[in-house]
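Peer 1: Below is the file structure-v8.pdb, which contains PDB, C-alpha atoms and all ligand atoms.
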```
ATOM      1  CA  MET A 276      15.924  32.066  41.782
ATOM      2  CA  PHE A 277      18.823  30.330  40.058
ATOM      3  CA  THR A 278      20.960  27.978  42.110
ATOM      4  CA  ARG A 279      23.388  26.561  39.553
ATOM      5  CA  ALA A 280      25.289  27.391  36.396
ATOM      6  CA  ILE A 281      27.395  25.492  33.898
ATOM      7  CA  VAL A 282      30.399  27.182  32.304
ATOM      8  CA  ARG A 283      33.246  25.966  30.116
ATOM      9  CA  ILE A 284      36.837  27.236  30.313
ATOM     10  CA  PRO A 285      37.894  28.864  27.003
ATOM     11  CA  GLY A 286      40.384  26.821  24.978
ATOM     12  CA  THR A 287      43.769  28.045  23.790
ATOM     13  CA  ASN A 288      42.275  28.155  20.274
ATOM     14  CA  PHE A 289      39.461  30.511  21.373
ATOM     15  CA  ALA A 290      40.519  33.061  18.725
ATOM     16  CA  ALA A 291      39.821  30.492  15.980
ATOM     17  CA  GLY A 292      36.071  30.665  16.694
ATOM     18  CA  LEU A 293      33.475  32.426  14.593
ATOM     19  CA  THR A 294      33.086  36.169  14.559
ATOM     20  CA  THR A 295      31.457  38.849  12.444
ATOM     21  CA  VAL A 296      33.053  41.849  14.163
ATOM     22  CA  ASP A 297      36.350  43.501  13.475
ATOM     23  CA  LEU A 298      37.556  44.332  16.972
ATOM     24  CA  GLY A 299      40.928  42.591  16.845
ATOM     25  CA  ILE A 300      42.245  39.257  18.045
ATOM     26  CA  PRO A 301      41.449  38.263  21.629
ATOM     27  CA  HIS A 302      44.398  38.130  24.038
ATOM     28  CA  PHE A 303      44.244  34.710  25.588
ATOM     29  CA  ASP A 304      45.557  35.734  28.994
ATOM     30  CA  ARG A 305      42.803  38.365  29.225
ATOM     31  CA  VAL A 306      40.218  35.860  27.986
ATOM     32  CA  LEU A 307      41.083  33.594  30.896
ATOM     33  CA  GLU A 308      41.113  36.476  33.393
ATOM     34  CA  GLN A 309      37.733  37.773  32.242
ATOM     35  CA  HIS A 310      36.279  34.271  32.303
ATOM     36  CA  ALA A 311      37.604  33.680  35.817
ATOM     37  CA  ARG A 312      36.063  36.966  37.009
ATOM     38  CA  TYR A 313      32.768  36.026  35.334
ATOM     39  CA  CYS A 314      32.762  32.707  37.220
ATOM     40  CA  GLU A 315      33.558  34.504  40.467
ATOM     41  CA  ALA A 316      30.634  36.869  39.852
ATOM     42  CA  LEU A 317      28.255  33.948  39.323
ATOM     43  CA  SER A 318      29.421  32.499  42.634
ATOM     44  CA  GLU A 319      28.916  35.884  44.319
ATOM     45  CA  CYS A 320      25.338  35.802  43.004
ATOM     46  CA  GLY A 321      24.858  32.557  44.922
ATOM     47  CA  LEU A 322      25.267  30.007  42.120
ATOM     48  CA  GLU A 323      26.990  26.669  42.466
ATOM     49  CA  LEU A 324      29.156  26.272  39.382
ATOM     50  CA  THR A 325      29.906  23.244  37.261
ATOM     51  CA  VAL A 326      33.097  24.171  35.448
ATOM     52  CA  LEU A 327      33.796  22.105  32.329
ATOM     53  CA  ASN A 328      37.280  21.735  30.893
ATOM     54  CA  ALA A 329      38.242  23.503  27.704
ATOM     55  CA  ASP A 330      37.286  21.501  24.614
ATOM     56  CA  LEU A 331      39.777  22.192  21.845
ATOM     57  CA  ARG A 332      37.606  20.467  19.251
ATOM     58  CA  TYR A 333      35.250  23.448  19.417
ATOM     59  CA  PRO A 334      36.823  26.932  19.705
ATOM     60  CA  ASP A 335      33.411  28.503  20.439
ATOM     61  CA  SER A 336      32.465  25.989  23.124
ATOM     62  CA  THR A 337      32.946  28.440  26.007
ATOM     63  CA  PHE A 338      29.648  29.979  24.749
ATOM     64  CA  VAL A 339      27.690  27.173  26.426
ATOM     65  CA  GLU A 340      24.379  29.017  26.370
ATOM     66  CA  ASP A 341      23.890  28.112  22.731
ATOM     67  CA  THR A 342      23.740  24.351  23.402
ATOM     68  CA  ALA A 343      20.524  24.134  25.429
ATOM     69  CA  VAL A 344      17.390  25.903  26.598
ATOM     70  CA  LEU A 345      16.795  25.390  30.304
ATOM     71  CA  THR A 346      13.556  26.216  32.105
ATOM     72  CA  THR A 347      12.236  25.425  35.551
ATOM     73  CA  LYS A 348       9.850  22.878  34.006
ATOM     74  CA  GLY A 349      12.201  21.104  31.619
ATOM     75  CA  ALA A 350      15.142  21.452  29.254
ATOM     76  CA  ILE A 351      15.935  20.771  25.617
ATOM     77  CA  LEU A 352      19.221  20.423  23.750
ATOM     78  CA  THR A 353      19.651  22.614  20.710
ATOM     79  CA  ARG A 354      21.044  22.019  17.246
ATOM     80  CA  PRO A 355      23.350  25.011  16.646
ATOM     81  CA  GLY A 356      23.072  26.708  13.309
ATOM     82  CA  ALA A 357      26.824  26.979  12.677
ATOM     83  CA  PRO A 358      28.178  23.613  11.437
ATOM     84  CA  THR A 359      31.430  24.086  13.411
ATOM     85  CA  ARG A 360      29.389  24.246  16.632
ATOM     86  CA  GLU A 361      27.030  21.293  16.154
ATOM     87  CA  GLY A 362      29.262  18.850  18.085
ATOM     88  CA  GLU A 363      29.177  21.057  21.173
ATOM     89  CA  VAL A 364      25.780  19.604  22.029
ATOM     90  CA  GLU A 365      27.011  15.986  22.289
ATOM     91  CA  ALA A 366      29.934  17.278  24.338
ATOM     92  CA  ILE A 367      27.731  18.952  26.954
ATOM     93  CA  LYS A 368      24.899  16.392  26.919
ATOM     94  CA  PRO A 369      26.229  14.097  29.698
ATOM     95  CA  ILE A 370      26.432  16.892  32.246
ATOM     96  CA  LEU A 371      22.982  18.229  31.338
ATOM     97  CA  GLN A 372      21.543  14.705  31.534
ATOM     98  CA  SER A 373      22.681  14.543  35.120
ATOM     99  CA  PHE A 374      20.388  17.499  35.900
ATOM    100  CA  PHE A 375      17.506  17.113  33.406
ATOM    101  CA  ASP A 376      15.525  14.015  32.527
ATOM    102  CA  PRO A 377      13.994  13.772  29.965
ATOM    103  CA  LEU A 378      16.282  15.832  27.759
ATOM    104  CA  PRO A 379      14.880  16.024  24.218
ATOM    105  CA  CYS A 380      16.743  17.638  21.351
ATOM    106  CA  ILE A 381      15.950  19.943  18.432
ATOM    107  CA  GLU A 382      16.015  17.689  15.361
ATOM    108  CA  ALA A 383      17.167  18.287  11.769
ATOM    109  CA  PRO A 384      16.290  20.186   9.680
ATOM    110  CA  GLY A 385      15.657  22.475  12.643
ATOM    111  CA  THR A 386      18.517  24.611  13.900
ATOM    112  CA  LEU A 387      18.489  26.662  17.064
ATOM    113  CA  ASP A 388      21.044  28.529  19.195
ATOM    114  CA  GLY A 389      20.238  29.152  22.864
ATOM    115  CA  GLY A 390      21.301  32.781  22.390
ATOM    116  CA  ASP A 391      18.180  33.306  20.304
ATOM    117  CA  ILE A 392      15.831  32.366  23.111
ATOM    118  CA  CYS A 393      14.724  34.974  25.628
ATOM    119  CA  GLU A 394      12.596  33.893  28.568
ATOM    120  CA  ALA A 395      10.357  36.560  30.086
ATOM    121  CA  GLU A 396       8.468  34.859  32.950
ATOM    122  CA  ASP A 397       6.037  32.409  31.286
ATOM    123  CA  HIS A 398       6.580  33.712  27.771
ATOM    124  CA  PHE A 399       9.503  33.006  25.474
ATOM    125  CA  PHE A 400      10.656  35.177  22.601
ATOM    126  CA  LEU A 401      12.151  32.957  19.908
ATOM    127  CA  GLY A 402      14.573  34.694  17.590
ATOM    128  CA  VAL A 403      14.696  33.477  14.014
ATOM    129  CA  SER A 404      18.180  34.426  12.890
ATOM    130  CA  HIS A 405      20.991  33.250  10.653
ATOM    131  CA  ARG A 406      21.528  30.508  13.276
ATOM    132  CA  THR A 407      17.983  29.614  14.354
ATOM    133  CA  ASN A 408      15.608  28.664  11.559
ATOM    134  CA  GLU A 409      11.817  28.638  11.513
ATOM    135  CA  GLU A 410      11.718  24.858  11.896
ATOM    136  CA  GLY A 411      13.940  25.015  14.990
ATOM    137  CA  ALA A 412      11.791  27.753  16.490
ATOM    138  CA  ALA A 413       8.618  25.746  15.723
ATOM    139  CA  GLN A 414      10.026  22.643  17.440
ATOM    140  CA  LEU A 415      10.937  24.665  20.505
ATOM    141  CA  ALA A 416       7.542  26.408  20.536
ATOM    142  CA  ALA A 417       5.817  22.997  20.549
ATOM    143  CA  TYR A 418       8.002  21.758  23.402
ATOM    144  CA  LEU A 419       7.492  24.923  25.456
ATOM    145  CA  SER A 420       3.762  24.703  24.919
ATOM    146  CA  GLN A 421       3.773  21.145  26.334
ATOM    147  CA  LEU A 422       5.477  22.579  29.404
ATOM    148  CA  GLY A 423       2.814  25.277  29.710
ATOM    149  CA  TYR A 424       4.754  28.245  28.317
ATOM    150  CA  SER A 425       3.674  30.587  25.539
ATOM    151  CA  SER A 426       6.062  31.818  22.870
ATOM    152  CA  SER A 427       6.288  34.108  19.882
ATOM    153  CA  VAL A 428       8.782  34.561  17.078
ATOM    154  CA  ILE A 429      10.909  37.640  16.446
ATOM    155  CA  ASP A 430      12.613  37.577  13.085
ATOM    156  CA  ILE A 431      16.023  39.269  13.279
ATOM    157  CA  ARG A 432      17.358  38.066   9.933
ATOM    158  CA  VAL A 433      17.252  41.540   8.438
ATOM    159  CA  MET A 434      19.317  43.008  11.273
ATOM    160  CA  THR A 435      23.025  43.107  10.587
ATOM    161  CA  SER A 436      23.956  44.512  13.987
ATOM    162  CA  ILE A 437      23.240  41.404  16.071
ATOM    163  CA  LEU A 438      24.014  37.708  15.860
ATOM    164  CA  HIS A 439      21.369  36.428  18.258
ATOM    165  CA  LEU A 440      18.086  37.789  19.601
ATOM    166  CA  LYS A 441      19.586  38.099  23.073
ATOM    167  CA  SER A 442      22.356  40.322  21.726
ATOM    168  CA  GLY A 443      19.524  42.859  21.395
ATOM    169  CA  ILE A 444      17.116  42.157  24.273
ATOM    170  CA  SER A 445      17.325  40.832  27.818
ATOM    171  CA  TYR A 446      14.592  40.219  30.345
ATOM    172  CA  ILE A 447      15.816  41.256  33.798
ATOM    173  CA  GLY A 448      12.745  40.486  35.924
ATOM    174  CA  ASP A 449      10.204  42.915  37.406
ATOM    175  CA  ASN A 450       8.466  43.081  34.019
ATOM    176  CA  THR A 451      11.513  44.893  32.618
ATOM    177  CA  LEU A 452      13.056  44.317  29.206
ATOM    178  CA  VAL A 453      16.392  45.831  28.300
ATOM    179  CA  VAL A 454      16.217  46.446  24.577
ATOM    180  CA  MET A 455      18.451  48.031  21.979
ATOM    181  CA  GLU A 456      16.953  51.147  20.453
ATOM    182  CA  GLU A 457      16.733  49.499  17.029
ATOM    183  CA  MET A 458      14.229  46.928  18.323
ATOM    184  CA  ALA A 459      12.455  48.909  21.020
ATOM    185  CA  ASP A 460       9.310  49.678  19.037
ATOM    186  CA  ASN A 461       8.396  46.050  18.443
ATOM    187  CA  PRO A 462       4.708  45.761  19.466
ATOM    188  CA  GLN A 463       5.489  42.443  21.175
ATOM    189  CA  PHE A 464       7.220  44.431  23.914
ATOM    190  CA  ARG A 465       4.357  46.822  24.614
ATOM    191  CA  ASN A 466       3.361  45.318  27.973
ATOM    192  CA  PHE A 467       6.876  45.510  29.404
ATOM    193  CA  ASP A 468       8.737  48.353  31.072
ATOM    194  CA  LEU A 469      11.510  49.049  28.585
ATOM    195  CA  VAL A 470      15.049  50.085  29.319
ATOM    196  CA  ARG A 471      16.061  51.465  25.928
ATOM    197  CA  VAL A 472      19.749  51.069  25.159
ATOM    198  CA  SER A 473      21.274  53.778  22.981
ATOM    199  CA  LEU A 474      23.105  52.918  19.797
ATOM    200  CA  GLU A 475      26.458  53.756  21.434
ATOM    201  CA  GLU A 476      25.770  51.283  24.236
ATOM    202  CA  SER A 477      23.954  48.588  22.268
ATOM    203  CA  TYR A 478      26.403  45.834  23.276
ATOM    204  CA  ALA A 479      25.070  46.338  26.825
ATOM    205  CA  ALA A 480      21.601  45.157  25.756
ATOM    206  CA  ASN A 481      22.906  41.679  26.537
ATOM    207  CA  CYS A 482      22.753  41.608  30.325
ATOM    208  CA  VAL A 483      21.703  38.901  32.757
ATOM    209  CA  ARG A 484      19.578  38.973  35.897
ATOM    210  CA  ILE A 485      20.926  36.508  38.414
ATOM    211  CA  ASN A 486      19.033  36.507  41.677
ATOM    212  CA  GLU A 487      19.575  39.957  43.241
ATOM    213  CA  ARG A 488      22.103  41.235  40.678
ATOM    214  CA  VAL A 489      22.072  42.206  37.007
ATOM    215  CA  LEU A 490      25.344  41.434  35.241
ATOM    216  CA  VAL A 491      26.169  44.116  32.673
ATOM    217  CA  PRO A 492      29.240  44.551  30.498
ATOM    218  CA  ALA A 493      31.688  47.137  31.828
ATOM    219  CA  GLY A 494      32.187  50.430  29.981
ATOM    220  CA  PHE A 495      28.559  51.472  29.427
ATOM    221  CA  PRO A 496      27.757  54.205  31.971
ATOM    222  CA  GLU A 497      24.261  55.152  30.756
ATOM    223  CA  ILE A 498      22.730  51.743  31.242
ATOM    224  CA  LEU A 499      24.522  51.263  34.550
ATOM    225  CA  GLU A 500      22.993  54.471  35.853
ATOM    226  CA  GLU A 501      19.546  53.748  34.478
ATOM    227  CA  LEU A 502      19.468  50.294  36.059
ATOM    228  CA  ARG A 503      20.500  51.788  39.412
ATOM    229  CA  GLN A 504      17.818  54.442  39.155
ATOM    230  CA  ARG A 505      15.204  51.799  38.525
ATOM    231  CA  GLY A 506      16.259  49.959  41.693
ATOM    232  CA  PHE A 507      18.303  47.149  40.121
ATOM    233  CA  SER A 508      21.719  46.177  41.416
ATOM    234  CA  PRO A 509      24.044  46.023  38.386
ATOM    235  CA  LEU A 510      27.417  44.286  38.493
ATOM    236  CA  ALA A 511      29.755  45.361  35.683
ATOM    237  CA  LEU A 512      32.131  42.826  34.165
ATOM    238  CA  ASP A 513      34.839  43.362  31.599
ATOM    239  CA  MET A 514      33.831  41.493  28.449
ATOM    240  CA  SER A 515      36.164  43.022  25.853
ATOM    241  CA  GLU A 516      37.770  39.752  24.753
ATOM    242  CA  PHE A 517      34.456  37.909  24.353
ATOM    243  CA  GLN A 518      32.950  40.830  22.455
ATOM    244  CA  LYS A 519      35.686  40.325  19.848
ATOM    245  CA  MET A 520      34.150  36.916  19.141
ATOM    246  CA  ASP A 521      30.517  38.119  19.089
ATOM    247  CA  GLY A 522      29.956  36.829  22.610
ATOM    248  CA  GLY A 523      28.009  38.505  25.389
ATOM    249  CA  LEU A 524      27.456  37.909  29.083
ATOM    250  CA  SER A 525      24.553  35.530  28.698
ATOM    251  CA  CYS A 526      26.360  33.172  26.299
ATOM    252  CA  LEU A 527      29.034  32.232  28.812
ATOM    253  CA  SER A 528      26.764  30.208  31.075
ATOM    254  CA  LEU A 529      23.719  28.005  31.327
ATOM    255  CA  ARG A 530      21.815  29.034  34.425
ATOM    256  CA  PHE A 531      19.105  27.060  36.226
TER     257      PHE A 531
HETATM  258  C1  LIG B 601      29.519  32.275  17.516
HETATM  259  O1  LIG B 601      29.614  32.982  16.517
HETATM  260  O2  LIG B 601      28.775  31.306  17.555
HETATM  261  C2  LIG B 601      30.353  32.610  18.741
HETATM  262  N1  LIG B 601      31.598  33.179  18.319
HETATM  263  C3  LIG B 601      29.631  33.576  19.646
HETATM  264  C4  LIG B 601      28.396  32.997  20.247
HETATM  265  C5  LIG B 601      27.701  33.949  21.141
HETATM  266  N2  LIG B 601      26.600  33.318  21.771
HETATM  267  C6  LIG B 601      25.518  33.956  22.212
HETATM  268  O3  LIG B 601      25.356  35.142  21.985
HETATM  269  N3  LIG B 601      24.601  33.233  22.842
END
```
For the file at hand, write its structure as structure tokens.
Ligand code: CIR

Peer 2:
Amino acid sequence: MFTRAIVRIPGTNFAAGLTTVDLGIPHFDRVLEQHARYCEALSECGLELTVLNADLRYPDSTFVEDTAVLTTKGAILTRPGAPTREGEVEAIKPILQSFFDPLPCIEAPGTLDGGDICEAEDHFFLGVSHRTNEEGAAQLAAYLSQLGYSSSVIDIRVMTSILHLKSGISYIGDNTLVVMEEMADNPQFRNFDLVRVSLEESYAANCVRINERVLVPAGFPEILEELRQRGFSPLALDMSEFQKMDGGLSCLSLRF
């Protein structure tokens, strides 16, 4: 069960953040509306929210998930792989320190984005990507092992369709992994029940289980139906403006 989440209000310069997709420029009024609805949904799922002010120094800083990896046994700050995002960690550190002590940090030359880390019960999948390097993944693996978790690496560097590992897979509890078709045959997933996401709906592979609900992006009817059929309780949220900046549902919060 999660009880809390940290979110950060998007800044007026949100559209100046990084993106690899060509879906147009986000409309700031819609960005704020979608973020507000996202926060409301987290509250509906029973979470107490810490809402941080917009930080105009970092246009991508609303994607708080990338700054830390939180577990029930301990937390670690990351060292984001994009130079424009590195300072986001110092900016969020004080609030995380109020919840987690000790709070170690991924050290140079390691880089790691929280979006590359997928927790599935006591095992963590560590994505090595254009943001998270092997050194960063190795540092996290060592830390997780101290905490009693196992981990394994999934190299997504050859994939052009996703930025982070969790853009392609999500663990939603009950031994179930939601996984984009392109990655579904990875032998590391063989002991899970797989919800395979079709190519047309692959953005919906980034979903988030929060207590009784599974947050999914709106506009993807197949996955919505499949989750219902499997007994999950999906909650669809409009994410169009965040998708324009390569963001998904998980990146907008740190949950613990
Ligand atoms: C970036 O490129 O870093 C941001 N525009 C999007 C980050 C998305 N984060 C995530 O998937 N965890």

Peer 1: Convert the output of the PyMOL selection byres (((chain A and resi 495) around 12) and not hetatm) on the shown file into explicit residues, formatted as JSON, numbers by chain.

Peer 2: {"A": [472, 473, 474, 475, 476, 477, 478, 479, 480, 481, 482, 491, 492, 493, 494, 496, 497, 498, 499, 500, 501, 502, 509, 510, 511, 512, 513, 514, 515]}

Peer 1: Could you expand the PyMOL selection byres (((chain A and resi 354) around 9) and not hetatm) into the explicit residues it covers here, written as a PyMOL selection string?

Peer 2: chain A and resi 341-343+352-353+355-357+360-362+364+380-383+385-388+407+411

Peer 1: Point out the residue among A:His398, A:Arg505, A:Arg332, A:Arg465 with the least atom-to-atom distance to A:Gly292, counting all atoms listed in the file.

Peer 2: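 Using all atoms listed in the file, A:Gly292 sits closest to A:Arg332.
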
Peer 1: For ligand LIG 601 (chain B), list the contacting residues at 9 Å or closer, counting all atoms listed in the file, as a CSV table (one decimal) with C-alpha atoms, in the frame of the given file.

Peer 2:
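So the final result, stored in part_1.csv, reads:
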```
chain,number,residue,atom,x,y,z
A,289,PHE,CA,39.5,30.5,21.4
A,290,ALA,CA,40.5,33.1,18.7
A,291,ALA,CA,39.8,30.5,16.0
A,292,GLY,CA,36.1,30.7,16.7
A,293,LEU,CA,33.5,32.4,14.6
A,294,THR,CA,33.1,36.2,14.6
A,295,THR,CA,31.5,38.8,12.4
A,334,PRO,CA,36.8,26.9,19.7
A,335,ASP,CA,33.4,28.5,20.4
A,336,SER,CA,32.5,26.0,23.1
A,337,THR,CA,32.9,28.4,26.0
A,338,PHE,CA,29.6,30.0,24.7
A,339,VAL,CA,27.7,27.2,26.4
A,340,GLU,CA,24.4,29.0,26.4
A,341,ASP,CA,23.9,28.1,22.7
A,342,THR,CA,23.7,24.4,23.4
A,355,PRO,CA,23.4,25.0,16.6
A,356,GLY,CA,23.1,26.7,13.3
A,357,ALA,CA,26.8,27.0,12.7
A,359,THR,CA,31.4,24.1,13.4
A,360,ARG,CA,29.4,24.2,16.6
A,388,ASP,CA,21.0,28.5,19.2
A,389,GLY,CA,20.2,29.2,22.9
A,390,GLY,CA,21.3,32.8,22.4
A,391,ASP,CA,18.2,33.3,20.3
A,392,ILE,CA,15.8,32.4,23.1
A,406,ARG,CA,21.5,30.5,13.3
A,437,ILE,CA,23.2,41.4,16.1
A,438,LEU,CA,24.0,37.7,15.9
A,439,HIS,CA,21.4,36.4,18.3
A,440,LEU,CA,18.1,37.8,19.6
A,441,LYS,CA,19.6,38.1,23.1
A,442,SER,CA,22.4,40.3,21.7
A,481,ASN,CA,22.9,41.7,26.5
A,517,PHE,CA,34.5,37.9,24.4
A,518,GLN,CA,33.0,40.8,22.5
A,519,LYS,CA,35.7,40.3,19.8
A,520,MET,CA,34.2,36.9,19.1
A,521,ASP,CA,30.5,38.1,19.1
A,522,GLY,CA,30.0,36.8,22.6
A,523,GLY,CA,28.0,38.5,25.4
A,524,LEU,CA,27.5,37.9,29.1
A,525,SER,CA,24.6,35.5,28.7
A,526,CYS,CA,26.4,33.2,26.3
A,527,LEU,CA,29.0,32.2,28.8
```

Peer 1: Build an axis-aligned box that encloses every atom of stretch 334-343 of chain A listed in the file, pad it by 5 Å on each side, and report its centre and edge lengths in Å to one decimal, as AutoDock Vina command-line options.

Peer 2:
```
--center_x 28.7 --center_y 27.1 --center_z 23.1 --size_x 26.3 --size_y 15.8 --size_z 16.7
```

Peer 1: Would you mind completing stretch 504-513 of chain A so that it carries all heavy atoms, and writing it out as an mmCIF file, in the frame of the given file?

Peer 2:
```cif
data_model
loop_
_atom_site.group_PDB
_atom_site.id
_atom_site.type_symbol
_atom_site.label_atom_id
_atom_site.label_comp_id
_atom_site.auth_asym_id
_atom_site.auth_seq_id
_atom_site.Cartn_x
_atom_site.Cartn_y
_atom_site.Cartn_z
ATOM 1 N N GLN A 504 18.966 53.565 38.881
ATOM 2 C CA GLN A 504 17.818 54.442 39.155
ATOM 3 C C GLN A 504 16.513 53.673 39.244
ATOM 4 O O GLN A 504 15.609 54.048 39.969
ATOM 5 C CB GLN A 504 17.695 55.501 38.063
ATOM 6 C CG GLN A 504 18.569 56.699 38.356
ATOM 7 C CD GLN A 504 18.525 57.723 37.232
ATOM 8 O OE1 GLN A 504 17.655 57.664 36.368
ATOM 9 N NE2 GLN A 504 19.465 58.639 37.239
ATOM 10 N N ARG A 505 16.439 52.587 38.487
ATOM 11 C CA ARG A 505 15.204 51.799 38.525
ATOM 12 C C ARG A 505 15.200 50.789 39.679
ATOM 13 O O ARG A 505 14.311 49.940 39.765
ATOM 14 C CB ARG A 505 15.023 51.042 37.210
ATOM 15 C CG ARG A 505 14.638 51.945 36.048
ATOM 16 C CD ARG A 505 14.620 51.142 34.774
ATOM 17 N NE ARG A 505 14.308 51.968 33.621
ATOM 18 C CZ ARG A 505 13.196 51.830 32.885
ATOM 19 N NH1 ARG A 505 12.287 50.929 33.188
ATOM 20 N NH2 ARG A 505 13.003 52.605 31.847
ATOM 21 N N GLY A 506 16.240 50.819 40.500
ATOM 22 C CA GLY A 506 16.259 49.959 41.693
ATOM 23 C C GLY A 506 16.929 48.613 41.489
ATOM 24 O O GLY A 506 16.877 47.755 42.370
ATOM 25 N N PHE A 507 17.562 48.405 40.326
ATOM 26 C CA PHE A 507 18.303 47.149 40.121
ATOM 27 C C PHE A 507 19.699 47.293 40.717
ATOM 28 O O PHE A 507 20.151 48.404 41.036
ATOM 29 C CB PHE A 507 18.404 46.836 38.620
ATOM 30 C CG PHE A 507 17.082 46.451 38.009
ATOM 31 C CD1 PHE A 507 16.306 47.388 37.316
ATOM 32 C CD2 PHE A 507 16.598 45.156 38.135
ATOM 33 C CE1 PHE A 507 15.088 47.042 36.762
ATOM 34 C CE2 PHE A 507 15.376 44.805 37.580
ATOM 35 C CZ PHE A 507 14.620 45.739 36.896
ATOM 36 N N SER A 508 20.379 46.173 40.834
ATOM 37 C CA SER A 508 21.719 46.177 41.416
ATOM 38 C C SER A 508 22.711 45.634 40.378
ATOM 39 O O SER A 508 23.029 44.444 40.365
ATOM 40 C CB SER A 508 21.680 45.311 42.680
ATOM 41 O OG SER A 508 22.943 45.214 43.235
ATOM 42 N N PRO A 509 23.180 46.511 39.473
ATOM 43 C CA PRO A 509 24.044 46.023 38.386
ATOM 44 C C PRO A 509 25.457 45.677 38.862
ATOM 45 O O PRO A 509 25.965 46.284 39.802
ATOM 46 C CB PRO A 509 24.079 47.203 37.406
ATOM 47 C CG PRO A 509 23.712 48.397 38.194
ATOM 48 C CD PRO A 509 22.879 47.948 39.350
ATOM 49 N N LEU A 510 26.042 44.704 38.214
ATOM 50 C CA LEU A 510 27.417 44.286 38.493
ATOM 51 C C LEU A 510 28.140 44.282 37.149
ATOM 52 O O LEU A 510 27.788 43.507 36.256
ATOM 53 C CB LEU A 510 27.387 42.880 39.118
ATOM 54 C CG LEU A 510 28.692 42.155 39.383
ATOM 55 C CD1 LEU A 510 29.601 42.967 40.290
ATOM 56 C CD2 LEU A 510 28.411 40.803 40.040
ATOM 57 N N ALA A 511 29.107 45.194 36.992
ATOM 58 C CA ALA A 511 29.755 45.361 35.683
ATOM 59 C C ALA A 511 30.955 44.431 35.544
ATOM 60 O O ALA A 511 31.771 44.317 36.455
ATOM 61 C CB ALA A 511 30.184 46.810 35.518
ATOM 62 N N LEU A 512 31.036 43.769 34.418
ATOM 63 C CA LEU A 512 32.131 42.826 34.165
ATOM 64 C C LEU A 512 32.791 43.146 32.832
ATOM 65 O O LEU A 512 32.102 43.404 31.833
ATOM 66 C CB LEU A 512 31.569 41.393 34.095
ATOM 67 C CG LEU A 512 30.994 40.838 35.394
ATOM 68 C CD1 LEU A 512 30.333 39.492 35.131
ATOM 69 C CD2 LEU A 512 32.083 40.699 36.452
ATOM 70 N N ASP A 513 34.100 43.075 32.823
ATOM 71 C CA ASP A 513 34.839 43.362 31.599
ATOM 72 C C ASP A 513 34.658 42.207 30.616
ATOM 73 O O ASP A 513 34.955 41.049 30.931
ATOM 74 C CB ASP A 513 36.318 43.549 31.956
ATOM 75 C CG ASP A 513 37.079 44.229 30.832
ATOM 76 O OD1 ASP A 513 36.504 44.390 29.745
ATOM 77 O OD2 ASP A 513 38.240 44.591 31.060
#
```
